[in-house]
Structures are given as C-alpha cells and as structure tokens.
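Structure file coords_37.txt; described as compact mmCIF, C-alpha atoms and all ligand atoms.
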# COMPACT_ATOMS: atom_id res chain seq x y z
CA MET T 133 -11.21 24.82 -4.48
CA ILE T 134 -9.55 27.65 -2.62
CA LEU T 135 -5.76 27.83 -2.85
CA GLY T 136 -4.19 27.82 0.59
CA TYR T 137 -7.40 26.66 2.26
CA ASP T 138 -8.48 23.32 0.90
CA THR T 139 -5.83 22.83 -1.74
CA PRO T 140 -2.08 23.47 -1.71
CA ALA T 141 -1.88 23.87 -5.49
CA LEU T 142 -3.82 24.30 -8.71
CA PRO T 143 -3.12 22.57 -12.02
CA GLY T 144 -0.64 24.43 -14.19
CA MET T 145 1.11 26.10 -11.26
CA MET T 146 4.92 26.05 -11.02
CA ILE T 147 6.47 23.99 -8.20
CA ASP T 148 7.77 27.11 -6.43
CA ASP T 149 4.24 28.42 -6.05
CA ILE T 150 2.86 25.34 -4.27
CA VAL T 151 1.69 26.03 -0.73
CA THR T 152 3.27 23.78 1.91
CA PRO T 153 3.29 21.42 3.68
CA CYS T 154 1.77 18.98 1.19
CA LEU T 155 2.47 15.70 -0.57
CA VAL T 156 3.85 15.91 -4.09
CA VAL T 157 4.20 13.01 -6.48
CA ASP T 158 6.86 13.03 -9.17
CA ALA T 159 4.83 11.65 -12.09
CA ASP T 160 7.86 10.49 -14.10
CA ALA T 161 9.43 8.64 -11.15
CA LEU T 162 6.06 7.05 -10.38
CA ASP T 163 5.68 5.90 -13.99
CA ARG T 164 9.14 4.33 -13.90
CA ASN T 165 8.37 2.46 -10.66
CA LEU T 166 5.04 1.19 -11.99
CA ARG T 167 6.60 0.08 -15.27
CA LYS T 168 9.54 -1.60 -13.58
CA LEU T 169 7.51 -3.89 -11.35
CA ALA T 170 4.94 -4.57 -14.09
CA GLU T 171 7.70 -5.67 -16.46
CA PHE T 172 9.30 -7.77 -13.73
CA CYS T 173 6.00 -9.58 -13.09
CA THR T 174 5.42 -10.17 -16.79
CA GLY T 175 8.93 -11.62 -17.07
CA GLN T 176 8.24 -13.94 -14.14
CA GLY T 177 4.82 -14.97 -15.45
CA MET T 178 3.18 -13.59 -12.32
CA ALA T 179 0.10 -11.45 -11.85
CA LEU T 180 0.36 -8.11 -10.05
CA ARG T 181 -2.34 -6.86 -7.70
CA PRO T 182 -0.83 -3.76 -6.05
CA HIS T 183 -1.88 -2.85 -2.53
CA GLY T 184 -4.06 0.26 -2.49
CA LYS T 185 -3.81 0.68 1.30
CA MET T 186 -0.50 2.41 0.67
CA HIS T 187 -1.75 5.28 -1.54
CA LYS T 188 -5.53 5.15 -0.93
CA CYS T 189 -5.97 6.93 -4.25
CA PRO T 190 -8.29 5.72 -7.05
CA ASP T 191 -6.44 7.75 -9.73
CA LEU T 192 -3.25 5.91 -8.89
CA ALA T 193 -5.04 2.56 -8.76
CA HIS T 194 -6.39 3.21 -12.27
CA LEU T 195 -2.85 4.02 -13.42
CA GLN T 196 -1.64 0.70 -11.97
CA MET T 197 -4.43 -1.05 -13.91
CA GLN T 198 -3.24 0.67 -17.10
CA HIS T 199 0.19 -0.76 -16.33
CA GLY T 200 -1.23 -4.28 -16.40
CA ALA T 201 -2.35 -4.95 -12.84
CA VAL T 202 -5.08 -7.62 -12.62
CA GLY T 203 -6.83 -5.74 -9.81
CA ILE T 204 -5.96 -4.04 -6.57
CA CYS T 205 -5.85 -4.91 -2.89
CA ALA T 206 -7.52 -3.00 -0.08
CA GLN T 207 -7.15 -3.61 3.63
CA LYS T 208 -10.57 -2.48 4.82
CA VAL T 209 -14.07 -2.86 3.41
CA SER T 210 -14.70 0.90 3.49
CA GLU T 211 -11.44 1.41 1.60
CA ALA T 212 -12.57 -1.14 -1.00
CA GLU T 213 -15.89 0.72 -1.28
CA SER T 214 -14.06 3.94 -1.96
CA PHE T 215 -12.12 2.26 -4.79
CA ALA T 216 -15.23 0.57 -6.19
CA ARG T 217 -17.10 3.88 -6.22
CA ALA T 218 -14.27 5.25 -8.38
CA GLY T 219 -14.74 2.45 -10.92
CA LEU T 220 -12.18 -0.15 -9.85
CA LYS T 221 -13.64 -3.51 -10.86
CA ASP T 222 -11.53 -6.14 -9.11
CA ILE T 223 -10.67 -5.64 -5.45
CA LEU T 224 -9.27 -8.07 -2.89
CA VAL T 225 -9.83 -7.12 0.74
CA THR T 226 -6.71 -8.66 2.28
CA ASN T 227 -8.26 -9.09 5.68
CA GLN T 228 -10.68 -11.06 7.76
CA VAL T 229 -14.18 -9.52 7.74
CA ARG T 230 -16.08 -10.47 10.90
CA GLN T 231 -18.40 -7.66 11.98
CA ALA T 232 -21.96 -8.27 10.76
CA VAL T 233 -22.35 -4.80 9.25
CA MET T 234 -19.11 -5.10 7.31
CA ILE T 235 -19.92 -8.64 6.10
CA ASP T 236 -23.16 -7.24 4.74
CA ARG T 237 -21.40 -4.31 3.08
CA VAL T 238 -18.69 -6.42 1.45
CA ALA T 239 -21.31 -8.85 0.12
CA GLY T 240 -23.29 -5.93 -1.31
CA LEU T 241 -20.19 -4.40 -2.84
CA ALA T 242 -19.79 -7.50 -5.00
CA ARG T 243 -22.67 -6.17 -7.12
CA ASP T 244 -20.37 -3.43 -8.41
CA ALA T 245 -17.03 -5.23 -8.67
CA ARG T 246 -15.37 -8.59 -8.31
CA ILE T 247 -14.63 -8.72 -4.58
CA GLY T 248 -12.40 -11.09 -2.65
CA VAL T 249 -11.98 -11.55 1.09
CA LEU T 250 -9.80 -13.71 3.33
CA ILE T 251 -10.96 -16.39 5.73
CA ASP T 252 -9.34 -18.35 8.55
CA ASP T 253 -12.38 -19.69 10.42
CA PRO T 254 -15.02 -22.19 9.24
CA ALA T 255 -17.71 -20.17 11.05
CA ASN T 256 -17.11 -17.28 8.65
CA VAL T 257 -18.12 -19.40 5.63
CA ALA T 258 -21.82 -19.35 6.47
CA GLU T 259 -21.72 -15.68 7.48
CA LEU T 260 -20.24 -14.61 4.17
CA SER T 261 -22.33 -16.98 2.08
CA THR T 262 -25.61 -15.95 3.72
CA ALA T 263 -24.83 -12.27 3.18
CA ALA T 264 -23.87 -12.88 -0.45
CA ARG T 265 -27.12 -14.82 -1.02
CA ARG T 266 -29.09 -11.91 0.41
CA HIS T 267 -27.45 -9.56 -2.11
CA GLY T 268 -27.50 -12.05 -4.99
CA THR T 269 -23.71 -11.87 -5.29
CA ILE T 270 -20.71 -14.21 -5.31
CA LEU T 271 -17.63 -13.51 -3.17
CA ASP T 272 -14.13 -14.76 -3.95
CA VAL T 273 -12.73 -16.33 -0.81
CA TYR T 274 -9.04 -16.92 -0.15
CA ILE T 275 -7.81 -19.03 2.75
CA GLU T 276 -5.30 -17.02 4.76
CA LEU T 277 -2.29 -18.85 6.15
CA ASP T 278 -0.33 -17.45 9.07
CA CYS T 279 3.05 -17.91 7.44
CA GLY T 280 5.12 -16.36 10.20
CA ALA T 281 3.80 -12.89 10.98
CA GLY T 282 1.73 -14.22 13.89
CA ARG T 283 -1.36 -12.28 12.90
CA CYS T 284 -4.50 -13.78 11.29
CA GLY T 285 -4.59 -16.96 9.23
CA LEU T 286 -4.60 -20.73 9.72
CA THR T 287 -1.70 -21.76 11.92
CA ASP T 288 -1.73 -25.31 10.50
CA PRO T 289 -1.77 -25.72 6.68
CA GLU T 290 -3.57 -29.08 7.14
CA ASP T 291 -6.66 -27.13 8.22
CA ALA T 292 -6.88 -25.71 4.69
CA LEU T 293 -8.55 -28.90 3.43
CA PRO T 294 -11.71 -28.94 5.60
CA LEU T 295 -12.01 -25.17 5.21
CA ALA T 296 -11.66 -25.28 1.41
CA GLN T 297 -14.22 -28.08 1.26
CA ARG T 298 -16.69 -25.94 3.16
CA ILE T 299 -16.06 -22.95 0.91
CA THR T 300 -16.56 -24.97 -2.26
CA GLU T 301 -19.87 -26.25 -0.87
CA ALA T 302 -21.16 -22.73 -0.13
CA ALA T 303 -23.40 -21.60 -3.00
CA HIS T 304 -22.45 -17.92 -2.96
CA LEU T 305 -18.73 -18.29 -2.39
CA HIS T 306 -15.99 -19.07 -4.90
CA PHE T 307 -12.79 -20.64 -3.57
CA ALA T 308 -10.17 -18.40 -5.15
CA GLY T 309 -6.98 -19.70 -3.57
CA LEU T 310 -4.51 -19.03 -0.79
CA HIS T 311 -3.40 -15.74 0.76
CA VAL T 312 0.17 -16.06 2.01
CA TYR T 313 1.64 -12.69 2.96
CA GLN T 314 4.58 -12.44 5.36
CA GLY T 315 4.18 -8.84 6.54
CA SER T 316 6.77 -8.94 9.28
CA ALA T 317 9.46 -10.13 6.85
CA GLN T 318 9.26 -7.08 4.59
CA HIS T 319 11.69 -4.93 6.56
CA MET T 320 13.98 -7.67 7.87
CA PRO T 321 17.68 -7.72 7.00
CA GLU T 322 18.20 -9.71 3.83
CA ALA T 323 19.37 -13.05 5.25
CA LYS T 324 16.46 -13.23 7.70
CA ARG T 325 14.04 -12.15 4.99
CA VAL T 326 15.21 -15.00 2.74
CA ASP T 327 14.63 -17.53 5.55
CA ALA T 328 11.23 -16.08 6.44
CA ILE T 329 9.94 -16.27 2.86
CA ALA T 330 11.36 -19.78 2.42
CA HIS T 331 9.36 -20.81 5.49
CA ALA T 332 6.21 -19.18 4.08
CA ALA T 333 6.83 -20.96 0.76
CA ARG T 334 6.95 -24.34 2.50
CA LEU T 335 3.63 -23.74 4.26
CA ALA T 336 1.99 -22.49 1.06
CA THR T 337 3.26 -25.48 -0.91
CA GLN T 338 2.06 -27.88 1.78
CA ALA T 339 -1.46 -26.40 1.72
CA ARG T 340 -1.60 -26.28 -2.09
CA ASP T 341 -0.40 -29.89 -2.48
CA LEU T 342 -2.94 -31.07 0.08
CA LEU T 343 -5.76 -29.38 -1.84
CA ASP T 344 -4.43 -30.60 -5.21
CA THR T 345 -4.33 -34.19 -3.93
CA ASN T 346 -7.95 -33.82 -2.86
CA HIS T 347 -9.01 -32.44 -6.24
CA ILE T 348 -9.62 -28.88 -5.07
CA PRO T 349 -7.93 -26.59 -7.59
CA VAL T 350 -6.03 -23.61 -6.15
CA PRO T 351 -6.34 -20.92 -8.84
CA THR T 352 -4.21 -18.28 -7.11
CA ILE T 353 -1.59 -18.01 -4.39
CA THR T 354 -1.29 -14.32 -3.59
CA GLY T 355 1.10 -12.40 -1.33
CA GLY T 356 4.41 -10.59 -1.39
CA GLY T 357 5.42 -7.01 -0.71
CA THR T 358 8.06 -4.50 -1.72
CA GLY T 359 10.64 -6.06 0.59
CA SER T 360 10.13 -9.66 -0.53
CA TYR T 361 8.66 -9.79 -4.06
CA ALA T 362 11.79 -11.20 -5.69
CA LEU T 363 11.76 -14.08 -3.19
CA GLU T 364 8.10 -14.98 -3.79
CA THR T 365 8.91 -15.55 -7.47
CA GLN T 366 10.94 -18.57 -6.37
CA GLY T 367 8.04 -20.08 -4.39
CA PRO T 368 4.51 -21.27 -5.26
CA TRP T 369 3.03 -17.76 -5.50
CA THR T 370 1.17 -16.73 -8.67
CA GLU T 371 0.40 -13.12 -7.75
CA LEU T 372 2.25 -10.25 -6.02
CA GLN T 373 0.70 -7.52 -3.86
CA CYS T 374 3.45 -4.90 -3.54
CA GLY T 375 2.28 -1.49 -2.34
CA SER T 376 5.15 0.78 -1.33
CA TYR T 377 7.11 0.19 -4.56
CA ALA T 378 5.05 2.90 -6.26
CA PHE T 379 6.20 5.71 -3.93
CA MET T 380 9.00 4.19 -1.80
CA ASP T 381 10.01 5.76 1.51
CA ALA T 382 13.16 6.37 3.54
CA ASP T 383 12.81 3.15 5.53
CA TYR T 384 12.38 0.95 2.45
CA ALA T 385 15.34 2.70 0.80
CA ARG T 386 17.46 1.52 3.74
CA VAL T 387 16.10 -2.04 3.43
CA ILE T 388 16.03 -2.67 -0.34
CA GLY T 389 18.23 0.11 -1.73
CA ASP T 390 17.39 1.72 -5.04
CA ALA T 391 15.34 -0.99 -6.77
CA PHE T 392 12.62 1.67 -6.96
CA GLU T 393 13.07 5.43 -6.76
CA PRO T 394 11.43 7.94 -4.44
CA ALA T 395 8.28 9.29 -6.11
CA LEU T 396 6.48 10.71 -3.07
CA PHE T 397 7.73 13.80 -1.28
CA LEU T 398 6.54 15.84 1.62
CA LEU T 399 7.14 19.36 0.35
CA THR T 400 8.05 21.74 3.17
CA SER T 401 9.22 25.37 3.40
CA VAL T 402 11.68 27.13 5.66
CA LEU T 403 9.83 29.24 8.26
CA SER T 404 12.71 30.49 10.34
CA HIS T 405 16.50 30.46 10.44
CA ASN T 406 16.91 32.17 13.78
CA ARG T 407 19.93 30.17 14.88
CA PRO T 408 23.12 29.16 13.11
CA SER T 409 23.26 25.74 11.42
CA ARG T 410 19.57 25.10 11.92
CA ALA T 411 16.43 25.88 9.97
CA ILE T 412 12.84 25.38 11.06
CA VAL T 413 10.45 23.99 8.43
CA ASP T 414 6.66 23.75 8.35
CA ALA T 415 6.34 19.93 8.26
CA GLY T 416 5.89 18.25 11.63
CA LEU T 417 4.11 15.27 13.06
CA LYS T 418 0.65 16.17 11.78
CA VAL T 419 1.65 15.73 8.14
CA GLN T 420 3.82 12.62 8.38
CA SER T 421 4.29 9.39 10.24
CA VAL T 422 7.67 8.89 11.91
CA ASP T 423 7.03 5.38 13.24
CA SER T 424 9.74 4.00 10.92
CA GLY T 425 12.14 6.90 11.41
CA LEU T 426 12.45 10.55 10.43
CA PRO T 427 12.29 11.65 6.80
CA THR T 428 15.40 12.20 4.73
CA VAL T 429 16.01 15.32 2.63
CA HIS T 430 15.94 14.51 -1.07
CA ALA T 431 18.87 15.59 -3.25
CA ALA T 432 20.55 17.51 -0.42
CA PRO T 433 23.23 15.36 1.21
CA ASP T 434 24.37 18.29 3.39
CA LEU T 435 20.95 18.67 5.05
CA SER T 436 19.25 16.40 7.56
CA TYR T 437 15.87 16.49 9.22
CA THR T 438 16.72 15.99 12.87
CA LYS T 439 13.64 16.60 14.97
CA CYS T 440 9.90 16.70 14.76
CA SER T 441 7.19 18.38 16.81
CA ASP T 442 3.48 18.72 16.02
CA GLU T 443 3.73 21.47 13.38
CA HIS T 444 7.48 22.08 13.01
CA GLY T 445 10.56 20.25 11.88
CA GLU T 446 14.21 20.99 12.52
CA VAL T 447 16.71 20.77 9.68
CA HIS T 448 20.45 20.71 10.29
CA ASP T 449 21.98 23.18 7.83
CA PRO T 450 25.72 23.26 8.62
CA ASP T 451 26.57 25.79 5.89
CA ASN T 452 23.63 28.10 6.64
CA ARG T 453 22.58 27.96 3.02
CA LEU T 454 18.83 27.77 3.50
CA ARG T 455 16.73 30.94 3.11
CA ILE T 456 13.19 31.75 4.24
CA ASN T 457 10.62 30.02 1.97
CA ASP T 458 13.20 27.71 0.43
CA LYS T 459 11.43 24.44 -0.34
CA LEU T 460 12.74 21.01 0.59
CA ARG T 461 11.53 17.64 -0.61
CA LEU T 462 11.37 15.28 2.34
CA ILE T 463 11.22 11.54 1.69
CA PRO T 464 8.78 10.30 4.36
CA GLY T 465 10.04 7.63 6.74
CA HIS T 466 6.92 5.49 6.15
CA CYS T 467 4.70 6.16 3.15
CA ASP T 468 1.42 4.37 4.07
CA PRO T 469 0.49 6.22 7.29
CA THR T 470 1.84 9.49 5.86
CA CYS T 471 -0.49 9.31 2.84
CA ASN T 472 -3.39 8.64 5.20
CA LEU T 473 -2.92 12.12 6.70
CA HIS T 474 -3.49 14.06 3.46
CA ASP T 475 -6.45 14.97 1.26
CA GLN T 476 -4.65 15.00 -2.10
CA TYR T 477 -1.46 14.41 -4.02
CA VAL T 478 -0.03 17.29 -6.01
CA VAL T 479 1.21 15.52 -9.12
CA ILE T 480 4.15 17.28 -10.76
CA ARG T 481 5.85 16.80 -14.10
CA ASN T 482 8.51 19.01 -15.68
CA GLY T 483 8.41 21.48 -12.81
CA GLN T 484 4.70 22.07 -13.08
CA VAL T 485 1.56 20.84 -11.36
CA GLU T 486 -0.04 18.36 -13.74
CA ALA T 487 -2.97 17.23 -11.60
CA LEU T 488 -4.42 16.93 -8.12
CA TRP T 489 -5.37 13.40 -7.11
CA PRO T 490 -7.82 13.05 -4.22
CA ILE T 491 -6.75 10.53 -1.56
CA SER T 492 -10.34 9.35 -1.45
CA ALA T 493 -9.84 6.36 0.84
CA ARG T 494 -7.86 8.36 3.37
CA GLY T 495 -9.15 7.61 6.87
CA LYS T 496 -11.30 4.72 5.62
CA ALA T 497 -10.52 2.39 8.52
CA LEU T 498 -13.86 0.53 8.83
C1 LIG I 1 0.82 -3.88 3.17
C2 LIG I 1 0.54 -5.11 2.44
C3 LIG I 1 1.18 -5.37 1.21
C4 LIG I 1 2.17 -4.44 0.55
O1 LIG I 1 3.25 -4.15 1.35
P1 LIG I 1 4.42 -3.17 0.89
O2 LIG I 1 5.45 -3.48 1.88
O3 LIG I 1 3.89 -1.79 1.03
O4 LIG I 1 4.77 -3.50 -0.51
C5 LIG I 1 0.85 -6.55 0.57
N1 LIG I 1 -0.05 -7.41 1.07
C6 LIG I 1 -0.68 -7.19 2.24
C7 LIG I 1 -1.68 -8.17 2.74
C8 LIG I 1 -0.41 -6.04 2.97
O5 LIG I 1 -1.04 -5.83 4.13
Could I get this file's structure written as structure tokens?
Amino acid sequence: MILGYDTPALPGMMIDDIVTPCLVVDADALDRNLRKLAEFCTGQGMALRPHGKMHKCPDLAHLQMQHGAVGICAQKVSEAESFARAGLKDILVTNQVRQAVMIDRVAGLARDARIGVLIDDPANVAELSTAARRHGTILDVYIELDCGAGRCGLTDPEDALPLAQRITEAAHLHFAGLHVYQGSAQHMPEAKRVDAIAHAARLATQARDLLDTNHIPVPTITGGGTGSYALETQGPWTELQCGSYAFMDADYARVIGDAFEPALFLLTSVLSHNRPSRAIVDAGLKVQSVDSGLPTVHAAPDLSYTKCSDEHGEVHDPDNRLRINDKLRLIPGHCDPTCNLHDQYVVIRNGQVEALWPISARGKAL
C-alpha cells in the first residue's frame, strides 16, 4: 500500500499524519455503541442482527458478532457474498431477490453460510426452491410485510397464510418467520414514529396469530432500526436490525439525540483561508453524501460546514482561528451512502492509527 495513493494512513501513524480526506473510526466510541445496543437487546430478551449495508465492512461485522450478534443483515446478494467470503456465517438478505442470476447466486451462497431472503410473491417460492435444490442447499425464507413504508412486502397480512403454507411445502426452503421493517418511520418526529411502529406491530401480530392458529410456527419476527428499536421491543418482534447505531450521523443525532455517540468521522484538512471568516477544506461531494443534510463539525461549536462542491467544502470560521492543514472531524449527514464512497476505514485509538479496515462490500449493488 502506498501512502497518499491508495491509502490515507498506515498502522501506527499519529492522527496528525493521516492524509485527508478519509473516513476515520473512533474505536473506543464504536465499542461503546456496540456494547450499548448489545446490552439493551440482552436486557429485552431480543436477538440482534445488525445491518451491514451501513458499514459494508467485514471487520466491523465480525466485531458485532463478538458483541453477541446472532448474524448480520445485507441488502444485496453481492454484498452478502462479500461478507460470506470474509467468513461471516449467518447472513439475512433483507430484500426480494427476483433476477434469475441473483437467485442462483444466493442459493449457491448457502453452501458457505446460513442465508436468509425475503419473499412477498408466491411465484418466488418455486424459483428459490429450484435454485436451492440445484445447489443442494436450504434457504431461510422470511415473509416480508409492507408495514407502512409502501415498498416491497405483502400489503395484506392475511396473505401470509397461503404464502407460508407454500414455503413450508418447498423442500429446499425453511420458513424462518416474518420481516417487518418500517424504514420510512426511522427518521420521523417521535410522535409519528410511535404511531407508525404501533401500526406495524398490529400487522405483524395479525400475521403471526393467523399462522399460529394454523399451526405454522413463526420462529422469528425481525425488523427495527436505529430510530425505532426501543419501540419494537414493545411489539411482537424477536430480533432487531439496527445499522446506523454503530457509527451514527448528523441526521440521526437530530432525530434520536445522543443515545449513541458519533464514531465515524470524515477527516478533512484546511486548504485555503483566503477570505475572512471562511476556510476551504478538502472534503466535498465526492467523499460524502449530503442527501440528509450537510455534515456537522465535531467538537467545534464555533465552526460550521456551510457549502459543498465536488472536491471542496466551505467552513464558516467567524474567529479566523483555522490554519492551513488544520484537521477537522466532520460528522457525515448520512452514514450509509458516505461509507459506500470509501475504500477503507482508518481506525484510531488513543490518537494513533490502530488498523485499516477494508470496506469490502463498497459498491456491491447487485
Ligand atoms: C437500513 C435498514 C436497517 C437499519 O437501519 P438504520 O436506520 O441504519 O438502523 C434495518 N433493516 C432494514 C431492512 C434496512 O434496510
């Protein structure tokens, strides 16, 4: 690895010597976030299956497993493959898989790991089962309910019965339960979020009771995110899928406050201070996603990141205190799509680079 070409840092380096812009992870803050949610889940008697689409990093997924996770989630089959290649043994693809090539790949992947997928269409039962037979594997299948986000999933919980019956009859599929994730509720204001998850809970309970009555056991009801996890504990869910809690971002800090602390930073340096009250930094649009708002500047209440172009950012510096090459820690507005833009995390502890973690599933959108 060549410093300044394909890596921004080398292990053992001091923070001040890191080349920017790059993503840094505060290892102690990350550990505290992982421990906090793990202990919460244990206390609630719930399983935790963190969402790997957020970080796309096998090293971090392994760390979550060490903290007691039962497995991880992935959003895409190619992302799941990247995790499986790195030794993760229990992966739920929280999505519909409909393209023939990807059905074949996910069925084959189940040779290396326990693999789950979602389903909302009876026609998909035979597709998945036939592919799994071809590979000599068994797939876990979860029925997805549309519980309010208006995306995929059964729109009527009553349809869960005929679909579950079909799944249980398919030789190479195992009916693993219900997937009930209210994605659009995660960033709602609190009162609306409470209502949205209560609605999801009613639909999940209706589907589970219908299956119970018809002697089809529902081993798992999985869902929940960083914005809603405390609400799912009051419903029929048995497993949580939080993703952003590990790193947090500026948008989630506005929505849920300081339940978890920022552990991911976009490290940026001052390039120019050619005008009063304004510094130009080296982190623009190509190294972060601003779909949920601009980043905030960590531990510097007097500074604000005000504008973004492709390769530059503007920082309001009212006291003109910034100097060339000063480093700022930006808290990205939205962690998931920001992580997807980088090749590695620079993991820091006690002011020093402890490790570099490849973001192996970055760009794995198939
Ligand atoms: C993104 C996602 C999550 C995690 O969401 P966060 O808000 O990052 O905690 C959980 N489940 C599913 C299905 C998701 O797509």
query = Contacts of region 373-383 of chain T at 6 Å or less, counting all atoms listed in the file, minus same-chain residues fewer than 6 places along, as a ChimeraX atom specification?
reply = /T:162,165-166,181-183,186,355-358,394-396,463-467
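Each of T:Ala411, T:Ala336, T:Leu398, T:Leu241 was compared to Val479 (chain T) using only C-alpha atoms, and T:Leu398 turns out to be the nearest.
If all atoms listed in the file are the atoms counted, then among T:Asp288, T:Asp253, T:Asp451, T:Asp244 the closest residue to Gly268 (chain T) is T:Asp244.
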task = Identify, on the basis of only C-alpha atoms, every residue whose closest approach to Asp138 (chain T) does not exceed 12 Å; exclude the query and any residue fewer than 6 positions from it along the same chain; express the result as a PyMOL selection string.
result = chain T and resi 151-152+154+474-476+488+490
Selection from above, C-alpha atoms, as a PDB file, in the frame of the given file, can you write it?
ATOM      1  CA  VAL T 151       1.690  26.030  -0.730  1.00  0.00           C
ATOM      2  CA  THR T 152       3.270  23.780   1.910  1.00  0.00           C
ATOM      3  CA  CYS T 154       1.770  18.980   1.190  1.00  0.00           C
ATOM      4  CA  HIS T 474      -3.490  14.060   3.460  1.00  0.00           C
ATOM      5  CA  ASP T 475      -6.450  14.970   1.260  1.00  0.00           C
ATOM      6  CA  GLN T 476      -4.650  15.000  -2.100  1.00  0.00           C
ATOM      7  CA  LEU T 488      -4.420  16.930  -8.120  1.00  0.00           C
ATOM      8  CA  PRO T 490      -7.820  13.050  -4.220  1.00  0.00           C
TER       9      PRO T 490
END
message = as a ChimeraX atom specification, please: the residues near Gly144 (chain T) (cut-off 12 Å, all atoms listed in the file, same-chain neighbours under 5 positions excluded).
response = /T:149-150,478-488
ask   = Expressed in Å to a single decimal, how great is the separation between CA of Gly175 (chain T) and CA of Asp191 (chain T)?
value = 25.8 Å
query = Between T:Leu295, T:Leu462, T:Leu224, T:Leu342, which one has atoms that come closest to ligand LIG 1 (chain I), using only C-alpha atoms and all ligand atoms?
reply = T:Leu224
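Residue nearest Ala216 (chain T) within the list T:Gly389, T:Leu399, T:Tyr361, T:Gly184: T:Gly184 [criterion: smallest interatomic distance, only C-alpha atoms].
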key: Which residue of T:Ser214, T:Ser360, T:Gln338, T:Ser261 approaches ligand LIG 1 (chain I) most closely, using only C-alpha atoms and all ligand atoms   = T:Ser360
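Using only C-alpha atoms, the residues found no farther than 8 Å from Val447 (chain T), other than those of its own chain fewer than 6 positions away, are Arg410, Ala411, Ile412, Val413, Leu435, Ser436, Tyr437, Thr438 and Lys439 of chain T.
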Can I get the selection written as a short mmCIF file (atom, residue, chain, number, x, y, z; two decimals), keeping the file's coordinate frame, with C-alpha atoms?
data_model
loop_
_atom_site.label_atom_id
_atom_site.label_comp_id
_atom_site.auth_asym_id
_atom_site.auth_seq_id
_atom_site.Cartn_x
_atom_site.Cartn_y
_atom_site.Cartn_z
CA ARG T 410 19.57 25.10 11.92
CA ALA T 411 16.43 25.88 9.97
CA ILE T 412 12.84 25.38 11.06
CA VAL T 413 10.45 23.99 8.43
CA LEU T 435 20.95 18.67 5.05
CA SER T 436 19.25 16.40 7.56
CA TYR T 437 15.87 16.49 9.22
CA THR T 438 16.72 15.99 12.87
CA LYS T 439 13.64 16.60 14.97
#
key: Pick from T:Ile204, T:Ile147, T:Met133, T:Ala497 nearest to ligand LIG 1 (chain I), counting only C-alpha atoms and all ligand atoms   = T:Ile204
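A straight line drawn from CA of Val257 (chain T) to CA of Ile299 (chain T) is 6.3 Å long.
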task = Name all residues at most 10 Å from Cys279 (chain T) (count all atoms listed in the file; drop same-chain ones fewer than 4 positions away) and give them as a list of chain:residue names.
result = T:Arg283, T:Cys284, T:Gly285, T:Leu286, T:Thr287, T:Asp288, T:Pro289, T:His311, T:Val312, T:Tyr313, T:Gln314, T:Gly315, T:Ser316, T:Ala328, T:Ile329, T:Ala330, T:His331, T:Ala332, T:Ala333, T:Arg334, T:Leu335, T:Ala336
